[in-house]
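One structure below.
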Amino acid sequence: MNARAHIGVTGLAVMGRNLARNFARHGYTVAVHNRTPSRTRALMEEFGHEGTFVPAETAREFVAALQCPRRLMIMVQAGAATDAVIDEFAPLLEPGDMIIDGGNAHFADTRRRETDLRERGIHFVGAGVSGGEEGALDGPSIMVGGSKESYAALGPMFETISAHVHGEACSTHIGSDGAGHFVKMVHNGIEYADMQLIAEAYDLLRQVAQYSPAEIAEIFRTWNKGRLNSYLIEITAEVLSHTDADTGRPFVDVVDAAGQKGTGRWTVQTALDLASPVTTIAQATFARAASGQSTLRTAYRPLPGGMHIPKSRSEAERFTSQVEQALYASKVIAYDQGFTMIQDAALAYGWDIDFGAVAGIWRGGCIIRAAFLDRIRTAHEAAPDLVSLLAEPSFAEEIAAAQVPWREVVATAARRGVPAPAFAAALSYYDTLRADRLPAALLQGQRDYFGAHTYRRIDRQGVFHTHWGHPDRPETDV
């Protein structure tokens with residue numbers, strides 16, 4: 001077999017197949033391989049006309065089809081399946097070749113694999129690919145981790161097949177080893193928060209303002225013309241206007257639980273390891289888990305809740321405006337938490353990450369693409385050491401303007417008994433960080449009382465311990 005393929009894709013389920021087609025559509029010769037050869041043959045029969053493909057049934061045939069340095073992209077299930085594919089192909093490669101994992105791998109696994117393969121002279125690239133099956137085919141957002149040398153060889157290809165916004169490619173080199181998969185994980189965590197906030201906004205408009213799903217769909221379409229313009233707001237209107245064919249009821253009335261594949265949990269678990277307070281993302285993740293707790297929900301359902309006072313049409317319209325303000329402010333907090341977590345990880349793992357570039361590649365292709373990412377990018381480009389979006393004047397002004405409606409929405413949800421955990425978490429996070437003093441002093445006093453954990457004072461240097469219960473014994477400088 002002639003070594004003529006620019007890149008190879010192994011693992012031809014929907015994402016892998018669509019990425020292979022995307023490369024081929026852009027003029028690249030693509031070697032394609034699947035553990036089950038019938039899937040390779042199916043791709044050739046259905047889509048072989050879209051470009052130049054080199055089908056291979058064995059691992060050796062697949063590797064032999066690749067030009068040097070070889071670029072071999074793995075699109076299989078994360079975890080053991082990815083390790084198995086690496087173990088199969090790595091012995092067939094040479095120093096300088098590249099293995100690219102385009103799946104939703106845990107960044108810690110990517111760091112381990114990169115270290116192992118680097119010792120063998122092979123570049124391991126963890127590429128976070130966002131946009132689902134549609135993005136994989138028509139242009140995803142690609143977050144690439146690994147060596148700068150590997151991106152020099154891969155970058156032009158990824159930038160060609162990625163989404164483009166104002167002529168700019170939604171692909172960039174994030175940082176070394178697992179940085180790309182880490183940023184993709186945080187992207188998914190923000191996605192969880194964004195979706196939950198939107199869902200809570202819908203629920204409040206329905207439960208409090210008494211709008212129908214079809215009416216709320218129109219509200220979301222209006223919001224999508226303004227500062228909330230985003231892919232998720234756009235598709236929310238479509239979901240809310242959809243009618244179930246079997247029952248004639250709104251789709252949202254025939255479904256009552258949300259699933260998850262695990263990346264939200266990874267974000268929260270990793271945030272705990274980093275001591276990064278992604279509270280809105282965490283509440284969104286727990287809200288999905290709670291939706292599936294049918295037995296527990298049945299036990300709670302008869303219990304009393306809040307007041308149910310009907311609103312007039314003018315009151316409902318005013319409340320809708322308040323919900324828009326609360327949704328926007330909470331979304332800013334959720335994105336800010338995600339960027340803060342990336343900053344915390346960059347410090348912990350030694351990654352040199354361009355945060356403006358991250359915001360830039362999230363503007364297209366990915367699930368959280370939104371108009372205000374342009375402003376987030378500009379803010380980070382203007383101040384590369386920006387600690388928080390709320391330190392940027394225009395975002396700070398918007399949050400200030402949202403104070404009364406944001407708080408009123410959270411209070412209304414509590415009074416009416418409508419769950420709004422993500423809204424409440426975002427507001428509480430904001431109040432926590434802006435507070436001059438926190439009750440942490442009491443917590444540390446408790447820790448010192450029962451465990452002699454010591455504490456630091458705000459008025460002088462040193463570490464101290466109080467001999468609690470012994471008033472005659474002075475504080476000890478330890």
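Each chain in the structure tokens gets a letter, A, B, ..., in the order shown, and its residues are numbered from 1; ligands are numbered from 1 in order too.
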Set the distance at 8 Å and use only C-alpha atoms: which residues neighbour Gly27 (chain A) once local chain neighbours fewer than 2 positions away are removed? I'd like the list as a PDB file with all heavy atoms, in the first residue's frame.
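What landed in result-v1.pdb:
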```pdb
ATOM      1  N   PHE A  23     -12.162  15.922   7.006  1.00  0.00           N
ATOM      2  CA  PHE A  23     -10.811  16.010   6.445  1.00  0.00           C
ATOM      3  C   PHE A  23     -10.845  15.794   4.934  1.00  0.00           C
ATOM      4  O   PHE A  23     -10.237  16.547   4.162  1.00  0.00           O
ATOM      5  CB  PHE A  23      -9.898  14.956   7.085  1.00  0.00           C
ATOM      6  CG  PHE A  23      -9.356  15.320   8.431  1.00  0.00           C
ATOM      7  CD1 PHE A  23      -9.677  14.565   9.560  1.00  0.00           C
ATOM      8  CD2 PHE A  23      -8.497  16.404   8.587  1.00  0.00           C
ATOM      9  CE1 PHE A  23      -9.169  14.887  10.808  1.00  0.00           C
ATOM     10  CE2 PHE A  23      -7.978  16.738   9.828  1.00  0.00           C
ATOM     11  CZ  PHE A  23      -8.320  15.972  10.950  1.00  0.00           C
ATOM     12  N   ALA A  24     -11.572  14.757   4.507  1.00  0.00           N
ATOM     13  CA  ALA A  24     -11.620  14.426   3.074  1.00  0.00           C
ATOM     14  C   ALA A  24     -12.270  15.539   2.266  1.00  0.00           C
ATOM     15  O   ALA A  24     -11.823  15.866   1.158  1.00  0.00           O
ATOM     16  CB  ALA A  24     -12.369  13.112   2.873  1.00  0.00           C
ATOM     17  N   ARG A  25     -13.315  16.130   2.796  1.00  0.00           N
ATOM     18  CA  ARG A  25     -14.004  17.215   2.100  1.00  0.00           C
ATOM     19  C   ARG A  25     -13.095  18.425   1.891  1.00  0.00           C
ATOM     20  O   ARG A  25     -13.332  19.240   1.004  1.00  0.00           O
ATOM     21  CB  ARG A  25     -15.238  17.642   2.888  1.00  0.00           C
ATOM     22  CG  ARG A  25     -16.407  16.668   2.826  1.00  0.00           C
ATOM     23  CD  ARG A  25     -17.534  17.185   3.705  1.00  0.00           C
ATOM     24  NE  ARG A  25     -18.758  16.425   3.555  1.00  0.00           N
ATOM     25  CZ  ARG A  25     -19.921  16.795   4.111  1.00  0.00           C
ATOM     26  NH1 ARG A  25     -19.985  17.904   4.830  1.00  0.00           N
ATOM     27  NH2 ARG A  25     -20.999  16.056   3.947  1.00  0.00           N
ATOM     28  N   THR A  29      -6.149  13.459   1.985  1.00  0.00           N
ATOM     29  CA  THR A  29      -6.315  12.021   1.800  1.00  0.00           C
ATOM     30  C   THR A  29      -6.354  11.383   3.179  1.00  0.00           C
ATOM     31  O   THR A  29      -5.447  11.599   3.994  1.00  0.00           O
ATOM     32  CB  THR A  29      -5.163  11.431   0.973  1.00  0.00           C
ATOM     33  OG1 THR A  29      -5.160  12.043  -0.315  1.00  0.00           O
ATOM     34  CG2 THR A  29      -5.312   9.928   0.823  1.00  0.00           C
ATOM     35  N   GLY A  51     -14.488  12.456  -1.046  1.00  0.00           N
ATOM     36  CA  GLY A  51     -13.076  12.801  -1.057  1.00  0.00           C
ATOM     37  C   GLY A  51     -12.236  11.556  -1.285  1.00  0.00           C
ATOM     38  O   GLY A  51     -12.735  10.525  -1.735  1.00  0.00           O
ATOM     39  N   THR A  52     -10.951  11.667  -0.940  1.00  0.00           N
ATOM     40  CA  THR A  52     -10.043  10.537  -1.149  1.00  0.00           C
ATOM     41  C   THR A  52      -9.814   9.809   0.162  1.00  0.00           C
ATOM     42  O   THR A  52      -9.219  10.349   1.099  1.00  0.00           O
ATOM     43  CB  THR A  52      -8.693  11.026  -1.705  1.00  0.00           C
ATOM     44  OG1 THR A  52      -8.929  11.788  -2.896  1.00  0.00           O
ATOM     45  CG2 THR A  52      -7.790   9.852  -2.021  1.00  0.00           C
TER      46      THR A  52
END
```
DSSP on the backbone, alpha helix (DSSP H) only: what residues of region 199-427 of chain A does that give? Format it as a ChimeraX atom specification. /A:199-207,213-223,231-240,263-274,279-291,294-300,313-349,355-361,373-382,393-401,403-416,421-427
Contacts of region 433-441 of chain A at 12 Å or less, counting only C-alpha atoms, minus same-chain residues fewer than 5 places along, as a list of chain:residue names? A:Pro277, A:Ile333, A:Gln337, A:Ser388, A:Leu390, A:Ala391, A:Ala396, A:Ala426, A:Leu427, A:Ser428, A:Gln446, A:Arg447, A:Asp448, A:Thr454, A:Tyr455, A:Arg456, A:Arg457, A:Ile458
What does the distance between CA of Leu197 (chain A) and CA of Ala422 (chain A) come to in Å, to one decimal place? 6.0 Å
Selection near region 164-177 of chain A, 8 Å with only C-alpha atoms, sequence-local residues under 3 positions removed, as number ranges by chain: A: 110-111, 114-115, 124-126, 139-148, 151, 155, 158-160, 180, 183, 351-354, 357-358, 360-365
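When only C-alpha atoms are used to compute distances to Pro91 (chain A), the closest of the residues A:Arg60, A:Lys331, A:His181, A:Arg206 turns out to be A:Arg60.
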Identify which of the residues A:Ile190, A:Ala179, A:Phe395, A:Glu45 lies closest to Thr280 (chain A), counting only C-alpha atoms when measuring atom-to-atom distances.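 Ranked by minimum distance to Thr280 (chain A), first place goes to A:Ile190.
Residues in contact range of Ala78 (chain A), defined as at most 7 Å between only C-alpha atoms, with sequence neighbours fewer than 3 positions away removed, read Ala81, Thr82, Gly103, Asn104 and Ala105 of chain A.
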Shell around Thr58 (chain A) at 8 Å using only C-alpha atoms, local window under 3 positions removed, as a PyMOL selection string: chain A and resi 33+61-62
Dump N, CA and C atoms for the selected residues as a PDB file, in the first residue's frame?
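Final output, saved to selection-v4.pdb:
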```
ATOM      1  N   HIS A  33      -9.991   3.286   9.316  1.00  0.00           N
ATOM      2  CA  HIS A  33      -9.848   1.944   9.884  1.00  0.00           C
ATOM      3  C   HIS A  33     -10.826   1.802  11.039  1.00  0.00           C
ATOM      4  N   GLU A  61      -1.802  -2.328   7.718  1.00  0.00           N
ATOM      5  CA  GLU A  61      -2.222  -1.663   6.480  1.00  0.00           C
ATOM      6  C   GLU A  61      -2.516  -0.182   6.746  1.00  0.00           C
ATOM      7  N   PHE A  62      -3.149   0.065   7.867  1.00  0.00           N
ATOM      8  CA  PHE A  62      -3.517   1.435   8.225  1.00  0.00           C
ATOM      9  C   PHE A  62      -2.268   2.302   8.408  1.00  0.00           C
TER      10      PHE A  62
END
```
Give me, please, the distance in Å between CA of Ser314 (chain A) and CA of Val208 (chain A), quoted to one decimal.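 Interatomic distance here is 12.9 Å.
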Identify, on the basis of only C-alpha atoms, every residue whose closest approach to Ile235 (chain A) does not exceed 10 Å; exclude the query and any residue fewer than 4 positions from it along the same chain; express the result as a list in words.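 The neighbour list is Ala217, Phe220, Arg221, Asn224, Ser230, Tyr231, Val239, Leu240 and Ser241 of chain A.
Here CA of Arg35 (chain A) and CA of Val54 (chain A) stand 15.3 Å from one another.
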Residue with smallest distance to Leu228 (chain A) - pool A:Cys366, A:Ala3, A:Ile198, A:Leu272, counting only C-alpha atoms: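 Using only C-alpha atoms, the shortest distance to Leu228 (chain A) belongs to A:Ile198.
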Given the choices A:Arg113, A:Arg369, A:His470, A:Lys184, which gets closest to Ile100 (chain A) if the distance is worked out from only C-alpha atoms? A:Arg113
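Nearest residue to Asp194 (chain A) among A:Ala13, A:Val323, A:Ala284, A:Ala420 is A:Ala284, counting only C-alpha atoms.
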Among listed residues A:Ser330, A:Gln77, A:Thr222, A:Thr285, nearest Gln269 (chain A) (using only C-alpha atoms):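 Closest residue, counting only C-alpha atoms: A:Thr285.
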